[in-house]
Amino acid sequence: MTTLAELNAARDAAAAKMKQTDDGQPITRVVVGLATCGIAAGAKPVLEAFEQAAQAAGLSSVRVYQTGCIGMCQFEPIAEITVPGQEKVTYVNMTAGRAKEVVEKHLAGGQVIEEYTVGAVTK
Amino acid sequence: MAVKPLADTEFYKKQTRLALRNCGVIDPESIEEYFAVDGYQALAKALTQLTPEQVIQIMKDSGLRGRGGGGFPTGLKWSFTAANAADQKYVVCNADEGDPGAFMDRSVLEGDPHAIVEAMAICGYCTGATAGYIYVRAEYPIAVKRLEIAIDAAKKHQLLGKNIFGSGFDFELYIRLGAGAFVCGEETALMTSIEGNRGEPRPRPPYPAVKGLFGKPTTENNVETFANVPQIILHGAEPFAAMGTEKSKGSKVFALGGNINNTGLVEIPMGTRLREIIEEIGGGIPNGRKFKAVQTGGPSGGCIPTEHLDIEIDYDNLSAIGCMIGSGGMIVMDDSKCMVDIARFFLDFTVDESCGKCSPCRIGTKRMLEILDKIIAGNGTLEDVDKLEELAYHVKENSLCGLGQTAPNPVLATLRFFRHEYIAHVTEHKCPAGVCKALLSYNIDPEKCIGCTLCARVCPTGAINGTVKQPHVIDHDKCIKCGACETACKKVHAVYKA
């Protein structure tokens, strides 16, 4: 990469890749906070559970990523889900079991599990 | 259905995420995701459209000041290094975050490592440096791993190395691991450590901008300072300078912890009132207790008591009351904390971490700790309190580096705002908060005691006597003040500390 044009092309390609799968489906993005704090609270099994459950449910447009610290220590592990065209949903105090449930009810069924969201545990 | 978004929670509502803009958003191990959020656009802009002088001018205009605690204007610092001609210059990133309870830099490195890589390259371009070192604690293995991945990816995309963006500018980046010495967070000690020597500070002047790493002109900045750079270059100085107070621009990240409902990483515009952080973002003090003070700046900082709860957080307001923003640790304390004990905690830390090179710090802090121990043990006198204060000023004024110069701050700050607690310890031999064990005794209120024997059964030394359904009594000769009886007596609360 030696020019601004190439960098712009890389930016646009990366942004598109975050939005759409190779066959043109809009991506549902799941991120799990995997900084030291999240990992210490048990975020790694949560990330794995999301990946496995999404695959098992045949949700080919779901992409699971790690990310840095989301900021609320006492609610780790935290996972955030962005379904295209909808408000981002923040799930807190996640476990592998809850992750599986979220995939089944929210990602496959379209029903947000409100009691696991940040709004349910905080003002 | 109304699912509350994260951004609408009390915790997030008042925050503005600049330095943390990508933390918790992108995958830190993917350079593509960093590209997608305008990654490396600032570097491209600097190298292809701006002269080094213009970049420095933008940094000066932004008003960004060092986020490691010193608060020195970043643009000015860069201009000093730029002004010194040399065959080799360096950029150093201080990621030796050592304050107890602070994790701002770790979060940035783990969540957005490319921002640091990009910012250091920009700094190299405008100061004339072709190599950079990131000095990061070995205790941060995930941060180190993600930095390594970021540097490798940047190299692969020719964003580090030779002739970046065809501009003729070369820049290489290296990681050096710190072995856990607190003093290595001090800029000259850090550079001595990178050079492969024992981490000890050296006198300034000469300042690093003149004679820094390997004797060459060097710019050293903290992680959070660098994290702010790319967006300032990309969007110009104005949006950043528009935020904050007259002399402290932009936002600051704090690691909020201690006796507070919402703990976490908080980024607020400079000038936010402390009360808003504690009561709104932090959600107040748990367990129905009262706010007593907030400790900022770790072992180098001071404390802010209730009467200054409405202070607008910025560099100058805090230093005006003998406190400092520091690197951003913010520990909230409720009314169950003894301020003499808190001062002792931090001083104990600095005594441990003093490198020993200069005597004011090596011997002075040790003597201060001994006086504090004497006070806490109930053997202190009013003269001891005065002596402690005098010694604190000597250590502050005569130590070689920042560690010693700031080590007395927790003592001085608590003496300033909570002198009455010191006085109570030495004149009445009482610890008002009931923390210092030598100064308190456990007693049973005969009016309240129902003789249930619970306390006697949990007492590890058999110090509690009494028969069933008769008031019990504690034998003070046998009591070790463990507090088990007080915890056990939760029905009638007959056990009390005096």
# chains A, B, ... in the order shown; residues from 1 in each chain; ligands from 1
>>> interface_residues(of="chain A", to="chain B", cutoff="6 Å", atoms="only C-alpha atoms", output="PyMOL selection string")
chain A and resi 1-3+11+14-15+35+66-73+119+123
>>> residues_around(residues="Asp334 of chain B", least_positions_apart="5", cutoff="12 Å", atoms="only C-alpha atoms", output="list of chain:residue names")
B:Gly257, B:Gly258, B:Asn259, B:Ile260, B:Asn261, B:Ile278, B:Gly284, B:Ile285, B:Pro286, B:Asn287, B:Gly288, B:Arg289, B:Lys290, B:Phe291, B:Lys292, B:Ala293, B:Val294, B:Gln295, B:Pro305, B:Thr306, B:Met339, B:Ile342, B:Ala433
>>> write_last_selection(atoms="C-alpha atoms", output="short mmCIF file (atom, residue, chain, number, x, y, z; two decimals), in the first residue's frame")
data_model
loop_
_atom_site.label_atom_id
_atom_site.label_comp_id
_atom_site.auth_asym_id
_atom_site.auth_seq_id
_atom_site.Cartn_x
_atom_site.Cartn_y
_atom_site.Cartn_z
CA GLY B 257 -13.14 1.82 40.96
CA GLY B 258 -13.46 1.42 44.71
CA ASN B 259 -16.67 1.98 46.68
CA ILE B 260 -18.86 2.81 43.72
CA ASN B 261 -21.81 1.07 42.08
CA ILE B 278 -19.57 9.78 41.15
CA GLY B 284 -23.33 6.54 43.66
CA ILE B 285 -21.94 4.76 46.71
CA PRO B 286 -23.17 1.23 47.47
CA ASN B 287 -24.49 -0.23 50.76
CA GLY B 288 -26.09 3.03 51.85
CA ARG B 289 -22.75 4.49 52.82
CA LYS B 290 -21.62 8.07 52.37
CA PHE B 291 -19.01 9.45 49.98
CA LYS B 292 -15.81 10.42 51.75
CA ALA B 293 -13.16 11.14 49.13
CA VAL B 294 -11.90 10.13 45.74
CA GLN B 295 -8.27 9.23 45.25
CA PRO B 305 -12.94 15.36 49.67
CA THR B 306 -16.69 16.03 49.77
CA MET B 339 -7.43 8.35 55.51
CA ILE B 342 -4.96 5.10 52.89
CA ALA B 433 -13.37 5.30 60.79
#
>>> select_by_dssp(residues="segment 185-404 of chain B", states="helix (DSSP H, G or I)", output="PyMOL selection string")
chain B and resi 185+187-194+213-215+223-235+237-241+274-281+298-300+306-308+315-320+339-353+359-376+382-398+402-404
>>> residues_around(residues="Thr90 of chain A", least_positions_apart="6", cutoff="7 Å", atoms="only C-alpha atoms", output="number ranges by chain")
A: 79-81, 117-118; B: 5-6
>>> write_last_selection(atoms="all heavy atoms", output="mmCIF file, in the first residue's frame")
data_model
loop_
_atom_site.group_PDB
_atom_site.id
_atom_site.type_symbol
_atom_site.label_atom_id
_atom_site.label_comp_id
_atom_site.auth_asym_id
_atom_site.auth_seq_id
_atom_site.Cartn_x
_atom_site.Cartn_y
_atom_site.Cartn_z
ATOM 1 N N ALA A 79 -21.440 -8.958 25.563
ATOM 2 C CA ALA A 79 -21.516 -9.221 24.122
ATOM 3 C C ALA A 79 -22.488 -8.231 23.515
ATOM 4 O O ALA A 79 -23.511 -7.902 24.132
ATOM 5 C CB ALA A 79 -21.985 -10.647 23.870
ATOM 6 N N GLU A 80 -22.154 -7.747 22.325
ATOM 7 C CA GLU A 80 -23.045 -6.796 21.661
ATOM 8 C C GLU A 80 -23.446 -7.338 20.300
ATOM 9 O O GLU A 80 -22.622 -7.880 19.564
ATOM 10 C CB GLU A 80 -22.370 -5.438 21.521
ATOM 11 C CG GLU A 80 -22.082 -4.811 22.872
ATOM 12 C CD GLU A 80 -21.811 -3.314 22.797
ATOM 13 O OE1 GLU A 80 -20.940 -2.899 22.011
ATOM 14 O OE2 GLU A 80 -22.475 -2.579 23.532
ATOM 15 N N ILE A 81 -24.723 -7.176 19.995
ATOM 16 C CA ILE A 81 -25.258 -7.744 18.764
ATOM 17 C C ILE A 81 -25.887 -6.649 17.919
ATOM 18 O O ILE A 81 -26.710 -5.874 18.398
ATOM 19 C CB ILE A 81 -26.289 -8.836 19.095
ATOM 20 C CG1 ILE A 81 -25.536 -10.006 19.725
ATOM 21 C CG2 ILE A 81 -27.047 -9.273 17.840
ATOM 22 C CD1 ILE A 81 -26.384 -11.146 20.156
ATOM 23 N N THR A 117 -30.122 -8.033 29.014
ATOM 24 C CA THR A 117 -29.538 -6.823 28.445
ATOM 25 C C THR A 117 -29.102 -5.847 29.528
ATOM 26 O O THR A 117 -29.510 -5.957 30.690
ATOM 27 C CB THR A 117 -30.536 -6.088 27.510
ATOM 28 O OG1 THR A 117 -31.648 -5.660 28.301
ATOM 29 C CG2 THR A 117 -31.019 -7.000 26.393
ATOM 30 N N VAL A 118 -28.293 -4.894 29.114
ATOM 31 C CA VAL A 118 -27.746 -3.928 30.064
ATOM 32 C C VAL A 118 -28.849 -3.107 30.721
ATOM 33 O O VAL A 118 -28.748 -2.722 31.882
ATOM 34 C CB VAL A 118 -26.671 -3.036 29.383
ATOM 35 C CG1 VAL A 118 -27.299 -2.082 28.367
ATOM 36 C CG2 VAL A 118 -25.866 -2.263 30.406
ATOM 37 N N PRO B 5 -30.685 0.858 24.854
ATOM 38 C CA PRO B 5 -29.341 0.773 24.287
ATOM 39 C C PRO B 5 -28.283 1.159 25.320
ATOM 40 O O PRO B 5 -28.569 1.945 26.234
ATOM 41 C CB PRO B 5 -29.355 1.790 23.142
ATOM 42 C CG PRO B 5 -30.762 2.245 23.003
ATOM 43 C CD PRO B 5 -31.444 1.976 24.297
ATOM 44 N N LEU B 6 -27.090 0.611 25.124
ATOM 45 C CA LEU B 6 -25.973 0.884 26.035
ATOM 46 C C LEU B 6 -25.747 2.386 26.191
ATOM 47 O O LEU B 6 -25.515 2.886 27.286
ATOM 48 C CB LEU B 6 -24.714 0.211 25.490
ATOM 49 C CG LEU B 6 -23.450 0.310 26.331
ATOM 50 C CD1 LEU B 6 -23.615 -0.492 27.607
ATOM 51 C CD2 LEU B 6 -22.242 -0.203 25.568
#
>>> closest_residue(among="B:Lys247, B:Lys374, B:Arg457, B:Arg344", to="Asp61 of chain B", atoms="only C-alpha atoms")
B:Lys247
